[in-house]
Amino acid sequence: MGERYPHMFLILLLFHGAHAALKDPVQKWQTLGGQRPLVIARGGFSGLFPDSSQFSYQFAMSSSLHDVVLYCDLQLSSDGLGFCKTGLTLENSTLIAEAFPKRAKTYKVNGEEIHGWFALDFTADELYQNVTLIQDIFSRPSTFDGAMGMFTLEDLVGLKPPHLWVNVEYALFLQEHKLSAEDYILGLPKDFSVAYISSPEIGFLKNVGAKLKKSNTKLIFRFLREDVAEHTTKKTYGEILKDLKSVKAFASGILVPKEYIWPLGKDQYLRLPTSLVKDAHALGLEVFASGFANDVSMSYNYSFDPSAEYLQYIGNANFSVDGVITDFPPTASGAVACLANTKGNPLPPPGGDGGRPLIITHNGASGVYPGSTDLAYQQAVKDGADIIDCAVRMSKDGVAFCQPSADLSTSTTASTSFMTKISTVSEIQNKSGIFSFDLTWSEIQTLKPDLLGPYTQAGLKRNPAAKNAGKFVTLPEFLDLAKATNVSGIMVEMEHASFLAKRGLGLVDAVSGALANASYDKEGGHLPELMVVSDDTSVLAAFKKFPAFRRVLMVDETISDASAPSVEEIKQFATAVTVGRGSIAQVNGFFLTRFTDVADRMHAANLTVYVGVLRNEFMNLGFDYWADPIIEIATYAFHVMADGLITEYPATAATYFRSPCSDLSLNLSYAILPADAGALVHLAAPGALPPALPPAPVLEPGDVLDPPLPPVAIASPPEEAATAAKPTDSSSSAAAARSSAGAGGCRVLAAAVASLFLLLLPSHGFH
């Protein structure tokens with residue numbers, strides 16, 4: 001079996017680079033022995049490939065720390081051969097039901113009747129020759145389903161893993177069916193070198209331990225839920241937890257669900273940590289935590305950054321677990337080798353030869369607080385943003401203020417207060433909404449901000465405790481706020497200027513006046529650098545009279561390339577561009593297929609390139625980023641060479657750039673490397689991916705140049721106003737949609753698409 005796919009190991013080694021290393025930063029760890037925490041790959045890289053498959057184990061070895069531990073959940077065939085497979089039954093993670101449709105059985109296991117296909121009902125040959133593996137979690141790629149057969153423990157040893165961990169979950173059940181996991185393990189050849197054996201059954205560990213006294217194998221007692229009873233003692237695991245001294249008599253460590261250490265409240269926020277790690281270490285017991293994965297619901301404290309969760313367990317000031325069991329070993333490896341103990345590091349300066357890109361916010365730290373509020377901006381500054389942004393909207397009475405969208409129903413509580421103001425404005429969006437220019441500033445101030453992430457309807461809510469926190473910020477207040485911080489620059493974004501002018505609202509005049517009043521029009525001085533951003537070249541042309549301002553063109557359409565004449569046209573109005581992720585990385589079925597030449601075209605013309613919008617939610621990430629937002633950041637920073645990253649989570653970008661691994665010249669033993677577009681696609685079987693979508697259009701000069709701005713109307717005639725904003729029946733208010741032209745130029749997925757993601761993931765792309 002280990003030789004079924006001999007080419008794969010070489011491909012995977014090349015895919016993420018060999019870890020050749022030299023000097024790593026010296027770390028001090030609060031583990032039991034002072035060594036760095038172990039990364040334990042549950043079923044290999046099971047977050048990407050089918051659990052316990054050859055690809056999964058090989059990929060875990062090639063993409064993780066050099067001492068990664070490969071974890072095998074032991075299953076026995078009817079003739080006593082050991083296979084690695086998580087779970088008691090096989091139907092959810094293999095195609096065994098198709099191969100043997102009439103071989104399902106029902107057994108009583110731990111007092112509960114379980115129906116399904118059990119490994120112990122099949123010979124090793126039946127399993128080995130007929131059963132193929134599938135991904136059993138719908139949010140993960142099904143592309144590799146059916147491509148690999150079941151993997152034996154002998155196959156796994158043949159890969160020569162650095163360390164091997166065997167978990168025996170159901171020793172008593174096997175014994176009831178005249179199969180002995182104990183005899184199987186004790187009969188393994190000496191060269192198998194099993195480093196760890198774990199089980200939730202005390203009797204099994206005691207029996208094995210009595211016969212392995214001269215072995216270096218460590219025995220680990222695995223805790224299940226606190227209310228579940230352990231077979232040998234009949235005590236609950238919660239009761240045993242209170243008597244760790246008794247565990248020391250037969251085990252050298254414990255494996256616990258991560259919530260045993262950092263409990264979660266019902267509101268999904270962290271509670272204070274328990275004393276478990278310190279108590280166990282005081283007794284000489286190692287502590288391993290399980291349940292880590294990038295693509296599952298996690299505490300809101302982590303802001304959807306899986307690295308932040310690992311750091312909570314290995315990098316806090318009071319303790320460190322001795323290892324983490326994870327479905328995504330590269331992310332855990334990055335947390336251990338790159339990100340731990342770097343919080344106090346200064347951010348290296350942006351720009352320059354080999355320097356990092358700017359960290360630019362999208363409506364402030366809008367993944368943490370409602371966008372464009374005072375709290376979102378304050379958090380962004382605290383999190384290390386270089387540039388904070390204000391997307392300027394206009395109230396009916398001409399007040400300029402910061403807001404993610406002209407449609408207030410997407411980011412405020414307007415839908416509950418101003419149902420009669422719902423209208424359809426085709427110049428803004430093709431769906432109904434409640435627009436800022438239809439409400440006076442005093443009316444807007446009666447509203448509350450509303451934190452609505454793009455994947456809320458799919459269950460990925462953002463920081464519910466701050467759902468309506470913060471206050472709206474006028475443009476002058478934003479400018480004053482920026483002056484009082486250490487940010488190096490600000491972005492002021494303008495959309496829909498022509499439409500607003502016809503409504504009697506002078507967006508350009510309001511912005512230029514506010515900037516002049518705040519002295520941003522003066523060259524020199526110590527004010528943050530000012531960037532004026534618009535998708536309208538006529539707006540940018542209006543700011544040519546301010547030499548102190550940097551002009552940035554927002555290319556909000558998804559493009560596959562930019563013609564030379566279009567680039568030259570851009571240079572007539574701007575010195576920089578913002579482009580969406582879809583214009584940089586092309587995808588098919590959530591796999592990266594290639595990087596476009598858009599950034600290179602712009603750079604060749606001396607145009608600065610800012611890329612966005614980056615979001616931490618795993619549903620926003622292609623599979624090649626491994627559900628890890630930091631890998632996407634590394635990709636745009638060091639493969640695309642973006643000059644700035646526009647993000648709703650500036651803290652995540654700052655965490656990466658503070659780490660030594662963001663300096664690829666250091667030649668460390670482990671680095672968080674950029675994604676390699678097309679690498680995973682090449683591993684997929686022919687026909688496994690959906691048909692490729694037609695390429696996006698090429699940017700041409702006609703797409704760049706806009707007509708001159710109309711004069712600001714004194715007042716809109718009643719008939720014109722009625723045509724521009726047709727009232728919509730209040731019953732359709734639930735259909736009010738997010739604007740498809742957000743301030744950062746990124747089109748977010750519609751909520752309906754987001755809610756279907758978990759079911760239809762392989763057939764959809766991302767923006």
# chains A, B, ... in the order shown; residues from 1 in each chain; ligands from 1
>>> select_by_dssp(residues="range 269-335 of chain A", states="strand (DSSP E or B)", output="VMD selection string")
chain A and resid 270 286 to 292 323 to 326
>>> closest_atom_pairs(of="range 246-285 of chain A", to="range 305-328 of chain A", cutoff="12 Å", atoms="only C-alpha atoms", output="tab-separated table")
residue	atom	partner	partner_atom	distance
A:Ser252	CA	A:Asp322	CA	11.9
A:Gly253	CA	A:Asp322	CA	9.3
A:Ile254	CA	A:Asp322	CA	9.9
A:Leu255	CA	A:Ile325	CA	9.0
A:Val256	CA	A:Val324	CA	9.8
A:Pro257	CA	A:Ile325	CA	9.5
A:Lys258	CA	A:Tyr313	CA	8.5
A:Glu259	CA	A:Tyr313	CA	10.7
A:Tyr260	CA	A:Tyr313	CA	11.4
A:Ile261	CA	A:Tyr313	CA	8.2
A:Trp262	CA	A:Tyr313	CA	8.2
A:Pro263	CA	A:Tyr313	CA	11.9
A:Leu270	CA	A:Gln312	CA	10.3
A:Leu272	CA	A:Gln312	CA	11.6
A:Pro273	CA	A:Asn318	CA	9.8
A:Thr274	CA	A:Phe319	CA	10.8
A:Ser275	CA	A:Phe319	CA	9.4
A:Leu276	CA	A:Val321	CA	9.9
A:Val277	CA	A:Val321	CA	6.7
A:Lys278	CA	A:Phe319	CA	6.9
A:Asp279	CA	A:Phe319	CA	10.6
A:Ala280	CA	A:Val321	CA	10.1
A:His281	CA	A:Val321	CA	9.3
A:Ala282	CA	A:Phe319	CA	11.7
A:Gly284	CA	A:Asp322	CA	11.7
A:Leu285	CA	A:Asp322	CA	9.7
>>> write_last_selection(atoms="N, CA, C and O atoms", output="mmCIF file, in the first residue's frame")
data_model
loop_
_atom_site.group_PDB
_atom_site.id
_atom_site.type_symbol
_atom_site.label_atom_id
_atom_site.label_comp_id
_atom_site.auth_asym_id
_atom_site.auth_seq_id
_atom_site.Cartn_x
_atom_site.Cartn_y
_atom_site.Cartn_z
ATOM 1 N N SER A 252 1.996 8.388 31.477
ATOM 2 C CA SER A 252 2.967 9.484 31.588
ATOM 3 C C SER A 252 2.375 10.811 31.127
ATOM 4 O O SER A 252 3.034 11.844 31.190
ATOM 5 N N GLY A 253 1.129 10.769 30.649
ATOM 6 C CA GLY A 253 0.497 11.990 30.184
ATOM 7 C C GLY A 253 -0.986 11.806 30.007
ATOM 8 O O GLY A 253 -1.518 10.688 30.107
ATOM 9 N N ILE A 254 -1.673 12.915 29.745
ATOM 10 C CA ILE A 254 -3.113 12.877 29.518
ATOM 11 C C ILE A 254 -3.432 13.614 28.218
ATOM 12 O O ILE A 254 -2.734 14.561 27.831
ATOM 13 N N LEU A 255 -4.471 13.140 27.559
ATOM 14 C CA LEU A 255 -4.997 13.768 26.342
ATOM 15 C C LEU A 255 -6.418 14.199 26.655
ATOM 16 O O LEU A 255 -7.270 13.370 27.002
ATOM 17 N N VAL A 256 -6.673 15.511 26.545
ATOM 18 C CA VAL A 256 -7.976 16.033 26.952
ATOM 19 C C VAL A 256 -8.566 16.893 25.846
ATOM 20 O O VAL A 256 -7.835 17.507 25.063
ATOM 21 N N PRO A 257 -9.904 16.971 25.762
ATOM 22 C CA PRO A 257 -10.515 17.968 24.874
ATOM 23 C C PRO A 257 -10.050 19.358 25.285
ATOM 24 O O PRO A 257 -9.883 19.645 26.475
ATOM 25 N N LYS A 258 -9.847 20.225 24.312
ATOM 26 C CA LYS A 258 -9.280 21.549 24.600
ATOM 27 C C LYS A 258 -10.139 22.348 25.576
ATOM 28 O O LYS A 258 -9.623 23.203 26.311
ATOM 29 N N GLU A 259 -11.442 22.056 25.639
ATOM 30 C CA GLU A 259 -12.324 22.790 26.555
ATOM 31 C C GLU A 259 -12.043 22.447 28.023
ATOM 32 O O GLU A 259 -12.479 23.178 28.917
ATOM 33 N N TYR A 260 -11.339 21.348 28.276
ATOM 34 C CA TYR A 260 -10.934 21.036 29.651
ATOM 35 C C TYR A 260 -9.970 22.102 30.179
ATOM 36 O O TYR A 260 -9.833 22.275 31.391
ATOM 37 N N ILE A 261 -9.292 22.789 29.254
ATOM 38 C CA ILE A 261 -8.248 23.742 29.639
ATOM 39 C C ILE A 261 -8.770 25.178 29.566
ATOM 40 O O ILE A 261 -8.601 25.956 30.500
ATOM 41 N N TRP A 262 -9.372 25.516 28.442
ATOM 42 C CA TRP A 262 -9.995 26.836 28.270
ATOM 43 C C TRP A 262 -11.482 26.604 28.034
ATOM 44 O O TRP A 262 -11.920 26.402 26.904
ATOM 45 N N PRO A 263 -12.297 26.617 29.081
ATOM 46 C CA PRO A 263 -13.738 26.354 28.912
ATOM 47 C C PRO A 263 -14.411 27.450 28.089
ATOM 48 O O PRO A 263 -13.984 28.612 28.093
ATOM 49 N N LEU A 270 -14.538 32.658 25.684
ATOM 50 C CA LEU A 270 -13.693 31.946 26.629
ATOM 51 C C LEU A 270 -14.007 32.349 28.055
ATOM 52 O O LEU A 270 -14.261 33.520 28.355
ATOM 53 N N LEU A 272 -12.329 31.793 32.140
ATOM 54 C CA LEU A 272 -10.984 31.707 32.701
ATOM 55 C C LEU A 272 -10.451 30.283 32.559
ATOM 56 O O LEU A 272 -11.223 29.313 32.622
ATOM 57 N N PRO A 273 -9.147 30.124 32.366
ATOM 58 C CA PRO A 273 -8.614 28.771 32.203
ATOM 59 C C PRO A 273 -8.691 27.986 33.502
ATOM 60 O O PRO A 273 -8.686 28.555 34.605
ATOM 61 N N THR A 274 -8.744 26.664 33.376
ATOM 62 C CA THR A 274 -8.668 25.804 34.552
ATOM 63 C C THR A 274 -7.208 25.670 34.967
ATOM 64 O O THR A 274 -6.294 26.111 34.266
ATOM 65 N N SER A 275 -6.985 25.023 36.075
ATOM 66 C CA SER A 275 -5.613 24.781 36.549
ATOM 67 C C SER A 275 -5.082 23.433 36.080
ATOM 68 O O SER A 275 -4.054 22.966 36.567
ATOM 69 N N LEU A 276 -5.781 22.804 35.117
ATOM 70 C CA LEU A 276 -5.442 21.434 34.732
ATOM 71 C C LEU A 276 -3.988 21.291 34.302
ATOM 72 O O LEU A 276 -3.287 20.365 34.733
ATOM 73 N N VAL A 277 -3.511 22.151 33.422
ATOM 74 C CA VAL A 277 -2.147 21.993 32.903
ATOM 75 C C VAL A 277 -1.132 22.114 34.030
ATOM 76 O O VAL A 277 -0.216 21.286 34.162
ATOM 77 N N LYS A 278 -1.275 23.113 34.871
ATOM 78 C CA LYS A 278 -0.335 23.284 35.981
ATOM 79 C C LYS A 278 -0.422 22.117 36.966
ATOM 80 O O LYS A 278 0.606 21.638 37.476
ATOM 81 N N ASP A 279 -1.639 21.659 37.245
ATOM 82 C CA ASP A 279 -1.809 20.538 38.174
ATOM 83 C C ASP A 279 -1.154 19.271 37.623
ATOM 84 O O ASP A 279 -0.476 18.538 38.364
ATOM 85 N N ALA A 280 -1.371 19.007 36.340
ATOM 86 C CA ALA A 280 -0.787 17.810 35.726
ATOM 87 C C ALA A 280 0.734 17.917 35.674
ATOM 88 O O ALA A 280 1.450 16.946 35.963
ATOM 89 N N HIS A 281 1.249 19.070 35.289
ATOM 90 C CA HIS A 281 2.705 19.255 35.239
ATOM 91 C C HIS A 281 3.326 19.081 36.628
ATOM 92 O O HIS A 281 4.435 18.542 36.757
ATOM 93 N N ALA A 282 2.637 19.520 37.667
ATOM 94 C CA ALA A 282 3.166 19.371 39.025
ATOM 95 C C ALA A 282 3.316 17.903 39.408
ATOM 96 O O ALA A 282 4.169 17.550 40.239
ATOM 97 N N GLY A 284 4.082 15.646 37.131
ATOM 98 C CA GLY A 284 4.956 15.031 36.137
ATOM 99 C C GLY A 284 4.214 14.446 34.952
ATOM 100 O O GLY A 284 4.772 13.639 34.205
ATOM 101 N N LEU A 285 2.961 14.851 34.751
ATOM 102 C CA LEU A 285 2.163 14.375 33.621
ATOM 103 C C LEU A 285 2.213 15.384 32.478
ATOM 104 O O LEU A 285 2.004 16.584 32.687
#
>>> residues_around(residues="range 149-164 of chain A", least_positions_apart="6", cutoff="7 Å", atoms="only C-alpha atoms", output="PyMOL selection string")
chain A and resi 1-2+52-54+67-71+82-84+127-128+131-133+192+194-196
>>> residues_around(residues="range 496-499 of chain A", least_positions_apart="4", cutoff="8 Å", atoms="only C-alpha atoms", output="PyMOL selection string")
chain A and resi 427-428+503+506-508+539+709-710
>>> select_by_dssp(residues="range 356-454 of chain A", states="alpha helix (DSSP H)", output="ChimeraX atom specification")
/A:374-383,414-417,441-444
>>> write_last_selection(atoms="N, CA, C and O atoms", output="PDB file, in the first residue's frame")
ATOM      1  N   ASP A 374     -16.298  54.295  15.687  1.00  0.00           N
ATOM      2  CA  ASP A 374     -15.131  54.715  16.454  1.00  0.00           C
ATOM      3  C   ASP A 374     -14.388  53.521  17.036  1.00  0.00           C
ATOM      4  O   ASP A 374     -13.146  53.481  17.051  1.00  0.00           O
ATOM      5  N   LEU A 375     -15.137  52.503  17.493  1.00  0.00           N
ATOM      6  CA  LEU A 375     -14.499  51.328  18.078  1.00  0.00           C
ATOM      7  C   LEU A 375     -13.729  50.526  17.042  1.00  0.00           C
ATOM      8  O   LEU A 375     -12.660  49.975  17.329  1.00  0.00           O
ATOM      9  N   ALA A 376     -14.266  50.433  15.816  1.00  0.00           N
ATOM     10  CA  ALA A 376     -13.566  49.708  14.754  1.00  0.00           C
ATOM     11  C   ALA A 376     -12.247  50.390  14.415  1.00  0.00           C
ATOM     12  O   ALA A 376     -11.224  49.718  14.179  1.00  0.00           O
ATOM     13  N   TYR A 377     -12.244  51.712  14.397  1.00  0.00           N
ATOM     14  CA  TYR A 377     -11.007  52.433  14.100  1.00  0.00           C
ATOM     15  C   TYR A 377     -10.018  52.333  15.254  1.00  0.00           C
ATOM     16  O   TYR A 377      -8.814  52.124  15.047  1.00  0.00           O
ATOM     17  N   GLN A 378     -10.497  52.467  16.469  1.00  0.00           N
ATOM     18  CA  GLN A 378      -9.604  52.362  17.623  1.00  0.00           C
ATOM     19  C   GLN A 378      -8.975  50.969  17.699  1.00  0.00           C
ATOM     20  O   GLN A 378      -7.786  50.830  17.996  1.00  0.00           O
ATOM     21  N   GLN A 379      -9.779  49.942  17.418  1.00  0.00           N
ATOM     22  CA  GLN A 379      -9.254  48.572  17.441  1.00  0.00           C
ATOM     23  C   GLN A 379      -8.219  48.374  16.338  1.00  0.00           C
ATOM     24  O   GLN A 379      -7.201  47.702  16.539  1.00  0.00           O
ATOM     25  N   ALA A 380      -8.465  48.947  15.178  1.00  0.00           N
ATOM     26  CA  ALA A 380      -7.522  48.813  14.066  1.00  0.00           C
ATOM     27  C   ALA A 380      -6.170  49.415  14.411  1.00  0.00           C
ATOM     28  O   ALA A 380      -5.107  48.836  14.106  1.00  0.00           O
ATOM     29  N   VAL A 381      -6.197  50.569  15.036  1.00  0.00           N
ATOM     30  CA  VAL A 381      -4.936  51.206  15.454  1.00  0.00           C
ATOM     31  C   VAL A 381      -4.229  50.327  16.476  1.00  0.00           C
ATOM     32  O   VAL A 381      -3.016  50.084  16.384  1.00  0.00           O
ATOM     33  N   LYS A 382      -4.979  49.817  17.444  1.00  0.00           N
ATOM     34  CA  LYS A 382      -4.415  48.938  18.467  1.00  0.00           C
ATOM     35  C   LYS A 382      -3.836  47.667  17.843  1.00  0.00           C
ATOM     36  O   LYS A 382      -2.804  47.154  18.297  1.00  0.00           O
ATOM     37  N   ASP A 383      -4.475  47.177  16.792  1.00  0.00           N
ATOM     38  CA  ASP A 383      -4.069  45.918  16.165  1.00  0.00           C
ATOM     39  C   ASP A 383      -2.870  46.059  15.232  1.00  0.00           C
ATOM     40  O   ASP A 383      -2.368  45.061  14.726  1.00  0.00           O
ATOM     41  N   ALA A 414     -31.200  50.269  10.505  1.00  0.00           N
ATOM     42  CA  ALA A 414     -32.166  51.072   9.746  1.00  0.00           C
ATOM     43  C   ALA A 414     -33.425  50.293   9.398  1.00  0.00           C
ATOM     44  O   ALA A 414     -34.523  50.868   9.345  1.00  0.00           O
ATOM     45  N   SER A 415     -33.300  48.995   9.163  1.00  0.00           N
ATOM     46  CA  SER A 415     -34.464  48.205   8.746  1.00  0.00           C
ATOM     47  C   SER A 415     -35.543  48.149   9.814  1.00  0.00           C
ATOM     48  O   SER A 415     -36.711  47.901   9.506  1.00  0.00           O
ATOM     49  N   THR A 416     -35.165  48.354  11.054  1.00  0.00           N
ATOM     50  CA  THR A 416     -36.164  48.315  12.130  1.00  0.00           C
ATOM     51  C   THR A 416     -36.780  49.673  12.402  1.00  0.00           C
ATOM     52  O   THR A 416     -37.782  49.764  13.118  1.00  0.00           O
ATOM     53  N   SER A 417     -36.184  50.731  11.841  1.00  0.00           N
ATOM     54  CA  SER A 417     -36.645  52.083  12.171  1.00  0.00           C
ATOM     55  C   SER A 417     -37.235  52.856  10.994  1.00  0.00           C
ATOM     56  O   SER A 417     -38.070  53.733  11.190  1.00  0.00           O
ATOM     57  N   TRP A 441     -28.991  63.567   8.877  1.00  0.00           N
ATOM     58  CA  TRP A 441     -27.991  63.127   9.836  1.00  0.00           C
ATOM     59  C   TRP A 441     -28.613  62.895  11.213  1.00  0.00           C
ATOM     60  O   TRP A 441     -28.249  61.934  11.916  1.00  0.00           O
ATOM     61  N   SER A 442     -29.562  63.698  11.595  1.00  0.00           N
ATOM     62  CA  SER A 442     -30.211  63.491  12.894  1.00  0.00           C
ATOM     63  C   SER A 442     -30.978  62.171  12.900  1.00  0.00           C
ATOM     64  O   SER A 442     -31.027  61.478  13.928  1.00  0.00           O
ATOM     65  N   GLU A 443     -31.571  61.812  11.772  1.00  0.00           N
ATOM     66  CA  GLU A 443     -32.252  60.516  11.690  1.00  0.00           C
ATOM     67  C   GLU A 443     -31.244  59.374  11.760  1.00  0.00           C
ATOM     68  O   GLU A 443     -31.479  58.351  12.424  1.00  0.00           O
ATOM     69  N   ILE A 444     -30.132  59.514  11.074  1.00  0.00           N
ATOM     70  CA  ILE A 444     -29.108  58.466  11.083  1.00  0.00           C
ATOM     71  C   ILE A 444     -28.552  58.265  12.489  1.00  0.00           C
ATOM     72  O   ILE A 444     -28.270  57.139  12.912  1.00  0.00           O
TER      73      ILE A 444
END
>>> atom_distance(atom1="CA of Ile359 in chain A", atom2="CA of Thr655 in chain A")
11.1 Å
>>> closest_residue(among="A:Thr440, A:Ser62, A:Thr342, A:Gln75", to="Tyr184 in chain A", atoms="only C-alpha atoms")
A:Gln75
>>> residues_around(residues="range 686-701 of chain A", least_positions_apart="6", cutoff="9 Å", atoms="only C-alpha atoms", output="short mmCIF file (atom, residue, chain, number, x, y, z; two decimals) with C-alpha atoms, in the first residue's frame")
data_model
loop_
_atom_site.label_atom_id
_atom_site.label_comp_id
_atom_site.auth_asym_id
_atom_site.auth_seq_id
_atom_site.Cartn_x
_atom_site.Cartn_y
_atom_site.Cartn_z
CA SER A 142 -14.48 16.02 -1.80
CA THR A 143 -12.16 16.19 -4.81
CA PHE A 144 -9.98 13.35 -3.54
CA ASP A 145 -12.84 11.03 -2.59
CA GLU A 557 -14.58 44.72 -11.50
CA THR A 558 -12.99 41.27 -11.53
CA ILE A 559 -10.47 41.19 -14.39
CA SER A 560 -8.08 38.56 -15.72
CA ASP A 561 -5.57 41.03 -17.17
CA ALA A 562 -5.05 44.70 -17.98
CA SER A 563 -4.14 45.90 -21.45
CA ALA A 564 -1.19 48.26 -21.83
CA PRO A 565 -3.42 51.15 -22.97
CA SER A 566 -5.68 50.72 -19.93
CA VAL A 567 -2.70 50.86 -17.60
CA GLU A 568 -1.49 54.02 -19.30
CA GLU A 569 -4.98 55.49 -18.90
CA ILE A 570 -4.89 54.73 -15.17
CA SER A 583 -8.43 39.71 -10.16
CA GLN A 586 -8.19 32.60 -10.33
CA VAL A 587 -10.12 29.72 -8.79
CA ASN A 588 -12.11 26.68 -9.79
CA GLY A 589 -14.21 24.88 -7.22
CA PHE A 591 -8.99 25.56 -5.72
CA PRO A 762 -16.84 21.90 -4.11
CA SER A 763 -18.90 23.51 -6.84
CA HIS A 764 -18.45 27.18 -5.88
#
>>> residues_around(residues="Ser198 in chain A", least_positions_apart="6", cutoff="7 Å", atoms="only C-alpha atoms", output="list in words")
Val166, Asn167, Val168, Leu219, Ile220, Phe221 and Arg222 of chain A
>>> write_last_selection(atoms="N, CA and C atoms", output="PDB file, in the first residue's frame")
ATOM      1  N   VAL A 166      -0.368   5.921  18.325  1.00  0.00           N
ATOM      2  CA  VAL A 166      -1.469   4.988  18.080  1.00  0.00           C
ATOM      3  C   VAL A 166      -2.506   5.159  19.181  1.00  0.00           C
ATOM      4  N   ASN A 167      -3.715   5.469  18.791  1.00  0.00           N
ATOM      5  CA  ASN A 167      -4.828   5.599  19.736  1.00  0.00           C
ATOM      6  C   ASN A 167      -5.731   4.385  19.626  1.00  0.00           C
ATOM      7  N   VAL A 168      -6.020   3.759  20.749  1.00  0.00           N
ATOM      8  CA  VAL A 168      -6.919   2.594  20.790  1.00  0.00           C
ATOM      9  C   VAL A 168      -8.180   3.015  21.532  1.00  0.00           C
ATOM     10  N   LEU A 219       2.678   6.105  27.501  1.00  0.00           N
ATOM     11  CA  LEU A 219       1.257   5.781  27.580  1.00  0.00           C
ATOM     12  C   LEU A 219       0.491   7.038  27.996  1.00  0.00           C
ATOM     13  N   ILE A 220      -0.554   7.329  27.257  1.00  0.00           N
ATOM     14  CA  ILE A 220      -1.331   8.553  27.450  1.00  0.00           C
ATOM     15  C   ILE A 220      -2.786   8.178  27.725  1.00  0.00           C
ATOM     16  N   PHE A 221      -3.315   8.682  28.833  1.00  0.00           N
ATOM     17  CA  PHE A 221      -4.720   8.429  29.160  1.00  0.00           C
ATOM     18  C   PHE A 221      -5.574   9.492  28.503  1.00  0.00           C
ATOM     19  N   ARG A 222      -6.506   9.029  27.693  1.00  0.00           N
ATOM     20  CA  ARG A 222      -7.376   9.950  26.955  1.00  0.00           C
ATOM     21  C   ARG A 222      -8.678  10.167  27.713  1.00  0.00           C
TER      22      ARG A 222
END
>>> residues_around(residues="Phe478 in chain A", least_positions_apart="4", cutoff="9 Å", atoms="only C-alpha atoms", output="PyMOL selection string")
chain A and resi 374+377+389-390+401-402+473-474+482-483
>>> atom_distance(atom1="CA of Val392 in chain A", atom2="CA of Met602 in chain A")
26.3 Å
>>> closest_residue(among="A:Asp191, A:Glu286, A:Asp243, A:Glu201", to="Lys218 in chain A", atoms="only C-alpha atoms")
A:Glu286
>>> atom_distance(atom1="CA of Lys545 in chain A", atom2="CA of Leu505 in chain A")
21.0 Å
>>> closest_residue(among="A:Ser215, A:Ser303, A:Asn616, A:Ser199", to="Leu186 in chain A", atoms="only C-alpha atoms")
A:Ser215
